[in-house]
Each structure stands twice: as structure tokens, then as C-alpha cells.
Amino acid sequence: MIRFENVGLRYGVGPEVLTDLSFQIDPHSFQFLTGPSGAGKTTLLRLLFLSLRPTRGLISVFGRETSLIGKRELPGVRRRIGIVFQDFRLLDHLTTYQNVALPYRVIGMEESSYRADVIDLLKWVGLGERMHVLPPILSGGEKQRAAIARALITKPELLLADEPTGNVDPPLARRLLRLFIELNRLGTAVVIATHDLHLMDQVDARRLVLEDGRMEIFT
Ligand SMILES: Nc1ncnc2c1ncn2[C@@H]1O[C@H](COP(=O)(O)OP(=O)(O)OP(=O)(O)O)[C@@H](O)[C@H]1O
């Protein structure tokens, strides 16, 4: 599904933040991406989401080499990937429902064709009662779940989540983890960036560990 071959990444003229990364992410797989603060987890997620290009090496996504994917094709490839950002990135002037429906709205779909899906998904993440409120009055955990629902609405083949339990208490973190596991069971490959050891200890999953720009894999 995703393949990195000797990938290196530097920002501008700075030092290499990621060095010689070679690994694969398989369809339907579940893995954590971890490592100390500043190790490059967010940078790696941005490479996976095609919002950054490697400075050397090759990345292929869904069987296509990313350097050959043109700007006009990018939205189509990205629709197959869901991403939950560390800072949620919800639009404050749209309700929870409208935020989650946004990926459909931007491609001009009729509301009647997705309304029931959006409502079902909001119920699934426990926001059935909060769908008509604006994000500024949601709690941190509710925002987190709204961001997760928005990432899932297009039924992505790959879900990327950056510290998805960073702002929530342990019971909610466990609930979110169960949600990701359930999603994975339904067929989506999942990559969760986290440095929450307690969270990782709850699942027997592959760990991609970044340290000093290099990756070690524990299966
Ligand atoms: N836009 C940027 N320009 C220059 N340097 C950057 C940029 N973004 C990140 N860096 C640097 O790249 C390195 C990796 O950062 P990154 O945010 O990917 O790490 P991280 O593992 O996600 O950290 P954290 O766990 O604290 O979120 C850091 O040294 C950071 O300062």
C-alpha cells in the first residue's frame, strides 16, 4: 500500500530530519509510529499524506510513485487517506455535522446522498447529541472525535492520526483506541503517531520507532 525506499527529508538547508527510511505499510495493517519529541513523527505523517515531498529516495502510495503524481491528481489520492491532525483543524463556523460532511460538500455531492452516513458516523464516535453545535463549544475529547469522524467519512483505505489521544483522559483514550481497532477490523490500515507508552501497551501491534531520524521496527 505504502512503500518507502531510502527516504531522506530535510527542511530547507537544515540537517536531515529523516534519514534512510525503508519500510512498508500493508493494506489492513495496524501500527504505532513512536519516538521522542522532535524525532520526526509529524514529518513522516506529512510525507505519507503527500503534503511534503522527500528530499531523496522514493515513496510509493497505492502502487504509484509519488514524484509522478501531479498536483491535479493529488486530491484524488488524498481522498483515499484520512488524517487526524494534532490540532484537529475543525472549521469553527461550521457545525460538527457540517465539518464531518465537508469532504463530500467540497466535491459537490448532494446532501441527501451522504446525510445518513454522516449521522451514523457521528453516533458511532459518540457525538450523536452534539452534531448541531459549533466546535468552539465542544470539549477537547469531543473535538478529537469530530476530527476522527471527518477523517473517516470518505471510508479511507489508510488512516493517519497524529497524537489522537494527546488531549483526552485515559478512559476516553481507551475508547478512541477501540474505535481505531474496530475501524482496522473493518479493513482500514491505521497508523497512530503517539508517545503514549500506556496506550501502545494495550494493543499487540507493530511499532515503527523513530530516533535521530532513523527507524527501527518492532513486530
Ligand atoms: N516546517 C519546518 N521547518 C523546519 N524544521 C521543522 C519543520 N517542521 C518540523 N521541523 C523540525 O523537524 C524535526 C522533527 O519534527 P516533527 O514535528 O516531525 O517531530 P515529532 O516527532 O512529530 O515531534 P512531537 O512529538 O514533539 O510532535 C524537529 O527538529 C523540528 O524542529
# chains A, B, ... in the order shown; residues from 1 in each chain; ligands from 1
>>> closest_atom_pairs(of="chain A", to="ligand 1", cutoff="12 Å", atoms="only C-alpha atoms and all ligand atoms", output="CSV")
residue,atom,partner,partner_atom_place_in_ligand_line,distance
A:Leu9,CA,ligand 1,12 (O),9.1
A:Arg10,CA,ligand 1,5 (N),7.8
A:Tyr11,CA,ligand 1,4 (C),4.9
A:Gly12,CA,ligand 1,4 (C),7.1
A:Val13,CA,ligand 1,4 (C),9.2
A:Gly14,CA,ligand 1,4 (C),7.3
A:Pro15,CA,ligand 1,29 (O),8.9
A:Glu16,CA,ligand 1,12 (O),8.4
A:Val17,CA,ligand 1,13 (C),5.4
A:Leu18,CA,ligand 1,14 (C),8.0
A:Thr19,CA,ligand 1,14 (C),11.6
A:Leu33,CA,ligand 1,21 (O),9.1
A:Thr34,CA,ligand 1,21 (O),7.5
A:Gly35,CA,ligand 1,21 (O),6.4
A:Pro36,CA,ligand 1,25 (O),6.1
A:Ser37,CA,ligand 1,25 (O),3.6
A:Gly38,CA,ligand 1,19 (O),3.5
A:Ala39,CA,ligand 1,21 (O),3.8
A:Gly40,CA,ligand 1,18 (O),3.2
A:Lys41,CA,ligand 1,21 (O),3.8
A:Thr42,CA,ligand 1,22 (O),3.7
A:Thr43,CA,ligand 1,18 (O),3.7
A:Leu44,CA,ligand 1,18 (O),6.5
A:Leu45,CA,ligand 1,18 (O),8.1
A:Arg46,CA,ligand 1,18 (O),8.4
A:Leu47,CA,ligand 1,18 (O),10.1
A:Ser51,CA,ligand 1,1 (N),11.4
A:Leu52,CA,ligand 1,1 (N),9.8
A:Phe85,CA,ligand 1,27 (O),10.7
A:Gln86,CA,ligand 1,27 (O),8.2
A:Asp87,CA,ligand 1,27 (O),10.7
A:Ala161,CA,ligand 1,22 (O),11.3
A:Asp162,CA,ligand 1,22 (O),7.9
A:Glu163,CA,ligand 1,27 (O),7.9
A:Pro164,CA,ligand 1,27 (O),11.5
A:Gly166,CA,ligand 1,27 (O),10.2
A:Ile192,CA,ligand 1,22 (O),11.5
A:Ala193,CA,ligand 1,22 (O),7.9
A:Thr194,CA,ligand 1,25 (O),7.3
A:His195,CA,ligand 1,25 (O),7.0
A:Asp196,CA,ligand 1,25 (O),10.2
A:Leu208,CA,ligand 1,21 (O),11.9
A:Val209,CA,ligand 1,21 (O),10.1
A:Leu210,CA,ligand 1,21 (O),7.7
A:Glu211,CA,ligand 1,21 (O),8.8
A:Asp212,CA,ligand 1,14 (C),9.4
A:Gly213,CA,ligand 1,14 (C),8.2
A:Arg214,CA,ligand 1,21 (O),11.5
A:Met215,CA,ligand 1,21 (O),11.8
>>> write_last_selection(atoms="N, CA and C atoms", output="compact mmCIF listing (two decimals), in the first residue's frame")
# COMPACT_ATOMS: atom_id res chain seq x y z
N LEU A 9 14.66 13.33 4.38
CA LEU A 9 13.92 14.59 4.35
C LEU A 9 14.66 15.63 5.15
N ARG A 10 14.91 16.79 4.52
CA ARG A 10 15.43 17.94 5.27
C ARG A 10 14.54 19.12 4.98
N TYR A 11 14.40 20.02 5.98
CA TYR A 11 13.66 21.25 5.77
C TYR A 11 14.66 22.30 5.33
N GLY A 12 14.49 22.87 4.14
CA GLY A 12 15.39 23.92 3.65
C GLY A 12 16.82 23.42 3.64
N VAL A 13 17.71 24.22 4.23
CA VAL A 13 19.12 23.81 4.22
C VAL A 13 19.52 23.19 5.56
N GLY A 14 18.51 22.87 6.39
CA GLY A 14 18.79 22.28 7.70
C GLY A 14 19.31 20.85 7.59
N PRO A 15 19.59 20.23 8.72
CA PRO A 15 20.07 18.84 8.71
C PRO A 15 18.94 17.90 8.31
N GLU A 16 19.30 16.65 7.96
CA GLU A 16 18.25 15.68 7.64
C GLU A 16 17.46 15.34 8.90
N VAL A 17 16.15 15.49 8.81
CA VAL A 17 15.27 15.17 9.93
C VAL A 17 14.93 13.67 9.88
N LEU A 18 14.80 13.14 8.67
CA LEU A 18 14.58 11.71 8.48
C LEU A 18 15.65 11.17 7.53
N THR A 19 16.21 10.02 7.87
CA THR A 19 17.35 9.50 7.11
C THR A 19 17.16 8.03 6.74
N LEU A 33 3.38 4.67 15.38
CA LEU A 33 4.60 5.38 14.99
C LEU A 33 5.02 6.15 16.23
N THR A 34 6.20 5.86 16.74
CA THR A 34 6.56 6.48 18.01
C THR A 34 8.02 6.95 18.00
N GLY A 35 8.44 7.51 19.12
CA GLY A 35 9.78 8.07 19.22
C GLY A 35 9.70 9.36 20.01
N PRO A 36 10.84 9.85 20.50
CA PRO A 36 10.82 11.04 21.34
C PRO A 36 10.33 12.28 20.60
N SER A 37 9.98 13.30 21.38
CA SER A 37 9.52 14.55 20.80
C SER A 37 10.58 15.09 19.84
N GLY A 38 10.15 15.52 18.67
CA GLY A 38 11.10 16.06 17.69
C GLY A 38 11.76 14.99 16.84
N ALA A 39 11.37 13.72 17.02
CA ALA A 39 12.02 12.62 16.28
C ALA A 39 11.59 12.59 14.81
N GLY A 40 10.49 13.28 14.49
CA GLY A 40 10.08 13.32 13.08
C GLY A 40 8.77 12.62 12.78
N LYS A 41 7.96 12.35 13.81
CA LYS A 41 6.70 11.62 13.59
C LYS A 41 5.74 12.41 12.70
N THR A 42 5.54 13.69 13.05
CA THR A 42 4.63 14.52 12.25
C THR A 42 5.17 14.66 10.83
N THR A 43 6.47 14.83 10.71
CA THR A 43 7.09 14.96 9.38
C THR A 43 6.81 13.70 8.55
N LEU A 44 6.92 12.54 9.18
CA LEU A 44 6.67 11.30 8.45
C LEU A 44 5.20 11.19 8.04
N LEU A 45 4.29 11.62 8.92
CA LEU A 45 2.86 11.60 8.55
C LEU A 45 2.62 12.53 7.37
N ARG A 46 3.30 13.67 7.35
CA ARG A 46 3.12 14.61 6.22
C ARG A 46 3.63 14.00 4.92
N LEU A 47 4.69 13.21 5.01
CA LEU A 47 5.17 12.51 3.79
C LEU A 47 4.13 11.49 3.34
N SER A 51 1.81 15.74 1.74
CA SER A 51 1.85 17.20 1.88
C SER A 51 3.30 17.67 1.98
N LEU A 52 4.23 16.72 1.99
CA LEU A 52 5.66 17.02 1.90
C LEU A 52 6.24 16.04 0.90
N PHE A 85 -5.36 15.54 12.46
CA PHE A 85 -4.24 16.40 12.83
C PHE A 85 -4.20 16.58 14.35
N GLN A 86 -2.99 16.87 14.84
CA GLN A 86 -2.79 17.06 16.28
C GLN A 86 -3.68 18.20 16.81
N ASP A 87 -3.87 19.24 15.98
CA ASP A 87 -4.65 20.41 16.42
C ASP A 87 -6.07 20.40 15.82
N ALA A 161 -3.17 9.21 12.18
CA ALA A 161 -3.63 10.01 13.31
C ALA A 161 -2.42 10.49 14.10
N ASP A 162 -2.33 11.81 14.31
CA ASP A 162 -1.19 12.40 15.00
C ASP A 162 -1.57 12.67 16.45
N GLU A 163 -1.02 11.91 17.36
CA GLU A 163 -1.32 12.03 18.80
C GLU A 163 -2.83 12.12 19.05
N PRO A 164 -3.60 11.14 18.59
CA PRO A 164 -5.05 11.26 18.70
C PRO A 164 -5.56 11.18 20.13
N GLY A 166 -3.79 12.68 22.65
CA GLY A 166 -2.97 13.66 23.36
C GLY A 166 -3.75 14.57 24.29
N ILE A 192 -0.93 5.22 13.92
CA ILE A 192 -1.17 6.16 15.01
C ILE A 192 0.17 6.66 15.54
N ALA A 193 0.42 7.96 15.39
CA ALA A 193 1.65 8.55 15.95
C ALA A 193 1.37 8.90 17.41
N THR A 194 2.22 8.41 18.28
CA THR A 194 2.00 8.68 19.71
C THR A 194 3.28 8.47 20.50
N HIS A 195 3.40 9.17 21.65
CA HIS A 195 4.44 8.73 22.57
C HIS A 195 3.83 8.25 23.88
N ASP A 196 2.59 7.85 23.79
CA ASP A 196 1.88 7.34 24.96
C ASP A 196 2.13 5.83 25.09
N LEU A 208 6.70 1.33 14.78
CA LEU A 208 7.72 1.98 13.97
C LEU A 208 8.34 3.04 14.87
N VAL A 209 9.59 2.85 15.27
CA VAL A 209 10.19 3.74 16.26
C VAL A 209 11.23 4.64 15.60
N LEU A 210 10.99 5.95 15.69
CA LEU A 210 11.94 6.90 15.11
C LEU A 210 12.88 7.41 16.21
N GLU A 211 14.15 7.47 15.88
CA GLU A 211 15.12 8.02 16.82
C GLU A 211 16.28 8.58 15.98
N ASP A 212 16.62 9.83 16.25
CA ASP A 212 17.67 10.50 15.48
C ASP A 212 17.45 10.35 13.97
N GLY A 213 16.22 10.44 13.55
CA GLY A 213 15.92 10.42 12.11
C GLY A 213 15.87 9.05 11.48
N ARG A 214 16.23 8.01 12.24
CA ARG A 214 16.21 6.66 11.66
C ARG A 214 15.10 5.83 12.28
N MET A 215 14.73 4.77 11.56
CA MET A 215 13.60 3.97 12.05
C MET A 215 14.02 2.55 12.40
>>> select_by_dssp(residues="range 27-181 of chain A", states="strand (DSSP E or B)", output="list in words")
Phe30, Gln31, Phe32, Leu33, Thr34, Arg56, Gly57, Leu58, Ile59, Ser60, Val61, Arg64, Glu65, Ile81, Gly82, Ile83, Val84, Leu158, Leu159, Leu160, Ala161 and Asp162 of chain A
>>> write_last_selection(atoms="N, CA and C atoms", output="mmCIF file, in the first residue's frame")
data_model
loop_
_atom_site.group_PDB
_atom_site.id
_atom_site.type_symbol
_atom_site.label_atom_id
_atom_site.label_comp_id
_atom_site.auth_asym_id
_atom_site.auth_seq_id
_atom_site.Cartn_x
_atom_site.Cartn_y
_atom_site.Cartn_z
ATOM 1 N N PHE A 30 -2.105 -2.537 11.177
ATOM 2 C CA PHE A 30 -2.284 -1.588 12.295
ATOM 3 C C PHE A 30 -0.920 -1.356 12.902
ATOM 4 N N GLN A 31 -0.487 -0.098 12.996
ATOM 5 C CA GLN A 31 0.813 0.160 13.599
ATOM 6 C C GLN A 31 0.862 1.486 14.341
ATOM 7 N N PHE A 32 1.761 1.517 15.316
ATOM 8 C CA PHE A 32 2.043 2.769 16.002
ATOM 9 C C PHE A 32 3.325 3.340 15.417
ATOM 10 N N LEU A 33 3.381 4.675 15.384
ATOM 11 C CA LEU A 33 4.599 5.378 14.991
ATOM 12 C C LEU A 33 5.016 6.146 16.227
ATOM 13 N N THR A 34 6.205 5.857 16.738
ATOM 14 C CA THR A 34 6.565 6.478 18.007
ATOM 15 C C THR A 34 8.024 6.951 18.001
ATOM 16 N N ARG A 56 15.157 13.006 -0.759
ATOM 17 C CA ARG A 56 15.762 11.928 -1.543
ATOM 18 C C ARG A 56 15.028 10.624 -1.281
ATOM 19 N N GLY A 57 15.261 9.657 -2.156
ATOM 20 C CA GLY A 57 14.588 8.367 -2.012
ATOM 21 C C GLY A 57 13.236 8.345 -2.706
ATOM 22 N N LEU A 58 12.575 7.206 -2.615
ATOM 23 C CA LEU A 58 11.299 7.019 -3.315
ATOM 24 C C LEU A 58 10.178 6.664 -2.342
ATOM 25 N N ILE A 59 9.024 7.239 -2.588
ATOM 26 C CA ILE A 59 7.832 6.852 -1.821
ATOM 27 C C ILE A 59 6.776 6.436 -2.835
ATOM 28 N N SER A 60 6.198 5.273 -2.650
ATOM 29 C CA SER A 60 5.037 4.962 -3.494
ATOM 30 C C SER A 60 3.816 4.748 -2.619
ATOM 31 N N VAL A 61 2.708 5.266 -3.114
ATOM 32 C CA VAL A 61 1.440 5.250 -2.390
ATOM 33 C C VAL A 61 0.401 4.598 -3.303
ATOM 34 N N ARG A 64 1.692 3.831 -6.680
ATOM 35 C CA ARG A 64 2.173 4.875 -7.585
ATOM 36 C C ARG A 64 3.307 5.646 -6.936
ATOM 37 N N GLU A 65 4.337 5.882 -7.707
ATOM 38 C CA GLU A 65 5.462 6.652 -7.191
ATOM 39 C C GLU A 65 5.047 8.123 -7.033
ATOM 40 N N ILE A 81 -6.954 8.622 1.797
ATOM 41 C CA ILE A 81 -6.225 8.667 3.073
ATOM 42 C C ILE A 81 -6.967 9.595 4.027
ATOM 43 N N GLY A 82 -7.261 9.122 5.225
ATOM 44 C CA GLY A 82 -7.870 10.004 6.231
ATOM 45 C C GLY A 82 -6.781 10.473 7.176
ATOM 46 N N ILE A 83 -6.852 11.727 7.601
ATOM 47 C CA ILE A 83 -5.828 12.204 8.537
ATOM 48 C C ILE A 83 -6.467 12.978 9.680
ATOM 49 N N VAL A 84 -5.994 12.689 10.888
ATOM 50 C CA VAL A 84 -6.443 13.420 12.081
ATOM 51 C C VAL A 84 -5.247 14.229 12.553
ATOM 52 N N LEU A 158 -6.518 4.158 4.253
ATOM 53 C CA LEU A 158 -5.441 4.361 5.227
ATOM 54 C C LEU A 158 -5.834 5.507 6.138
ATOM 55 N N LEU A 159 -5.709 5.309 7.448
ATOM 56 C CA LEU A 159 -5.978 6.387 8.401
ATOM 57 C C LEU A 159 -4.684 6.760 9.121
ATOM 58 N N LEU A 160 -4.361 8.052 9.114
ATOM 59 C CA LEU A 160 -3.186 8.564 9.825
ATOM 60 C C LEU A 160 -3.684 9.427 10.976
ATOM 61 N N ALA A 161 -3.174 9.207 12.175
ATOM 62 C CA ALA A 161 -3.628 10.015 13.310
ATOM 63 C C ALA A 161 -2.417 10.492 14.100
ATOM 64 N N ASP A 162 -2.334 11.809 14.305
ATOM 65 C CA ASP A 162 -1.188 12.405 14.998
ATOM 66 C C ASP A 162 -1.575 12.670 16.448
#
>>> residues_around(residues="Ser139 in chain A", least_positions_apart="4", cutoff="10 Å", atoms="only C-alpha atoms", output="list in words")
Pro135, Lys143, Gln144, Arg145, Asn167 and Val168 of chain A
>>> residues_around(residues="Leu121 in chain A", least_positions_apart="6", cutoff="12 Å", atoms="only C-alpha atoms", output="MDAnalysis selection string")
chainID A and resid 96:97 100:101 114:115 127:128 131 145:155 179 183
>>> write_last_selection(atoms="C-alpha atoms", output="compact mmCIF listing (two decimals), in the first residue's frame")
# COMPACT_ATOMS: atom_id res chain seq x y z
CA THR A 96 -19.92 19.31 13.92
CA TYR A 97 -22.21 17.74 11.30
CA VAL A 100 -17.74 15.95 9.07
CA ALA A 101 -19.76 16.36 5.86
CA TYR A 114 -24.45 11.41 2.44
CA ARG A 115 -26.65 12.75 5.26
CA LEU A 127 -21.35 12.67 19.04
CA GLY A 128 -24.96 11.99 18.10
CA MET A 131 -23.89 17.27 15.80
CA ARG A 145 -13.79 12.62 17.92
CA ALA A 146 -15.21 15.12 15.42
CA ALA A 147 -11.78 15.28 13.74
CA ILE A 148 -11.67 11.47 13.66
CA ALA A 149 -15.18 11.31 12.14
CA ARG A 150 -14.20 13.82 9.45
CA ALA A 151 -11.14 11.72 8.59
CA LEU A 152 -13.29 8.58 8.33
CA ILE A 153 -16.29 9.85 6.40
CA THR A 154 -14.81 9.07 2.97
CA LYS A 155 -14.04 5.48 4.11
CA LEU A 179 -12.57 2.86 17.71
CA LEU A 183 -12.01 0.60 12.05
>>> select_by_dssp(residues="range 11-89 of chain A", states="alpha helix (DSSP H)", output="mmCIF file with C-alpha atoms, in the first residue's frame")
data_model
loop_
_atom_site.group_PDB
_atom_site.id
_atom_site.type_symbol
_atom_site.label_atom_id
_atom_site.label_comp_id
_atom_site.auth_asym_id
_atom_site.auth_seq_id
_atom_site.Cartn_x
_atom_site.Cartn_y
_atom_site.Cartn_z
ATOM 1 C CA LYS A 41 6.697 11.615 13.587
ATOM 2 C CA THR A 42 4.631 14.519 12.248
ATOM 3 C CA THR A 43 7.089 14.956 9.382
ATOM 4 C CA LEU A 44 6.674 11.300 8.450
ATOM 5 C CA LEU A 45 2.865 11.596 8.548
ATOM 6 C CA ARG A 46 3.116 14.607 6.221
ATOM 7 C CA LEU A 47 5.166 12.509 3.794
ATOM 8 C CA LEU A 48 2.523 9.774 3.976
ATOM 9 C CA LEU A 74 -3.361 14.865 -5.501
ATOM 10 C CA PRO A 75 -6.896 15.430 -4.134
ATOM 11 C CA GLY A 76 -8.000 12.077 -5.594
ATOM 12 C CA VAL A 77 -5.118 10.216 -3.929
ATOM 13 C CA ARG A 78 -5.622 12.084 -0.653
#
>>> residues_around(residues="Leu91 in chain A", least_positions_apart="3", cutoff="10 Å", atoms="only C-alpha atoms", output="list in words")
Phe88, Leu94, Thr95, Thr96, Gln98, Asn99, Leu102, Leu134, Pro135 and Pro136 of chain A
>>> write_last_selection(atoms="N, CA and C atoms", output="PDB file, in the first residue's frame")
ATOM      1  N   PHE A  88      -6.555  19.246  15.433  1.00  0.00           N
ATOM      2  CA  PHE A  88      -7.934  18.997  14.930  1.00  0.00           C
ATOM      3  C   PHE A  88      -8.268  19.664  13.589  1.00  0.00           C
ATOM      4  N   LEU A  94     -18.592  26.188  11.174  1.00  0.00           N
ATOM      5  CA  LEU A  94     -19.463  25.100  10.712  1.00  0.00           C
ATOM      6  C   LEU A  94     -19.792  24.185  11.887  1.00  0.00           C
ATOM      7  N   THR A  95     -20.990  23.624  11.899  1.00  0.00           N
ATOM      8  CA  THR A  95     -21.356  22.707  12.992  1.00  0.00           C
ATOM      9  C   THR A  95     -20.532  21.420  12.869  1.00  0.00           C
ATOM     10  N   THR A  96     -20.620  20.604  13.924  1.00  0.00           N
ATOM     11  CA  THR A  96     -19.922  19.312  13.922  1.00  0.00           C
ATOM     12  C   THR A  96     -20.361  18.505  12.688  1.00  0.00           C
ATOM     13  N   GLN A  98     -21.582  19.624   9.867  1.00  0.00           N
ATOM     14  CA  GLN A  98     -21.083  20.223   8.617  1.00  0.00           C
ATOM     15  C   GLN A  98     -19.579  19.985   8.453  1.00  0.00           C
ATOM     16  N   ASN A  99     -18.832  19.987   9.572  1.00  0.00           N
ATOM     17  CA  ASN A  99     -17.405  19.700   9.487  1.00  0.00           C
ATOM     18  C   ASN A  99     -17.162  18.293   8.956  1.00  0.00           C
ATOM     19  N   LEU A 102     -17.970  17.910   5.313  1.00  0.00           N
ATOM     20  CA  LEU A 102     -17.212  18.783   4.407  1.00  0.00           C
ATOM     21  C   LEU A 102     -16.541  18.068   3.221  1.00  0.00           C
ATOM     22  N   LEU A 134     -21.344  24.194  17.372  1.00  0.00           N
ATOM     23  CA  LEU A 134     -20.108  24.654  16.730  1.00  0.00           C
ATOM     24  C   LEU A 134     -18.893  24.163  17.529  1.00  0.00           C
ATOM     25  N   PRO A 135     -17.776  23.894  16.858  1.00  0.00           N
ATOM     26  CA  PRO A 135     -16.596  23.363  17.544  1.00  0.00           C
ATOM     27  C   PRO A 135     -16.132  24.156  18.780  1.00  0.00           C
ATOM     28  N   PRO A 136     -16.232  25.497  18.796  1.00  0.00           N
ATOM     29  CA  PRO A 136     -15.711  26.184  19.992  1.00  0.00           C
ATOM     30  C   PRO A 136     -16.394  25.754  21.295  1.00  0.00           C
TER      31      PRO A 136
END
>>> residues_around(residues="His28 in chain A", least_positions_apart="3", cutoff="9 Å", atoms="only C-alpha atoms", output="list of chain:residue names")
A:Ile25, A:Glu157, A:Leu158, A:Asn184, A:Arg185, A:Leu186, A:Gly187, A:Thr188, A:Ala189, A:Val190
>>> atom_distance(atom1="CA of Val191 in chain A", atom2="CA of Asp20 in chain A")
19.6 Å
>>> closest_residue(among="A:Ile2, A:Leu68, A:Val7, A:Leu90", to="Phe49 in chain A", atoms="only C-alpha atoms")
A:Ile2
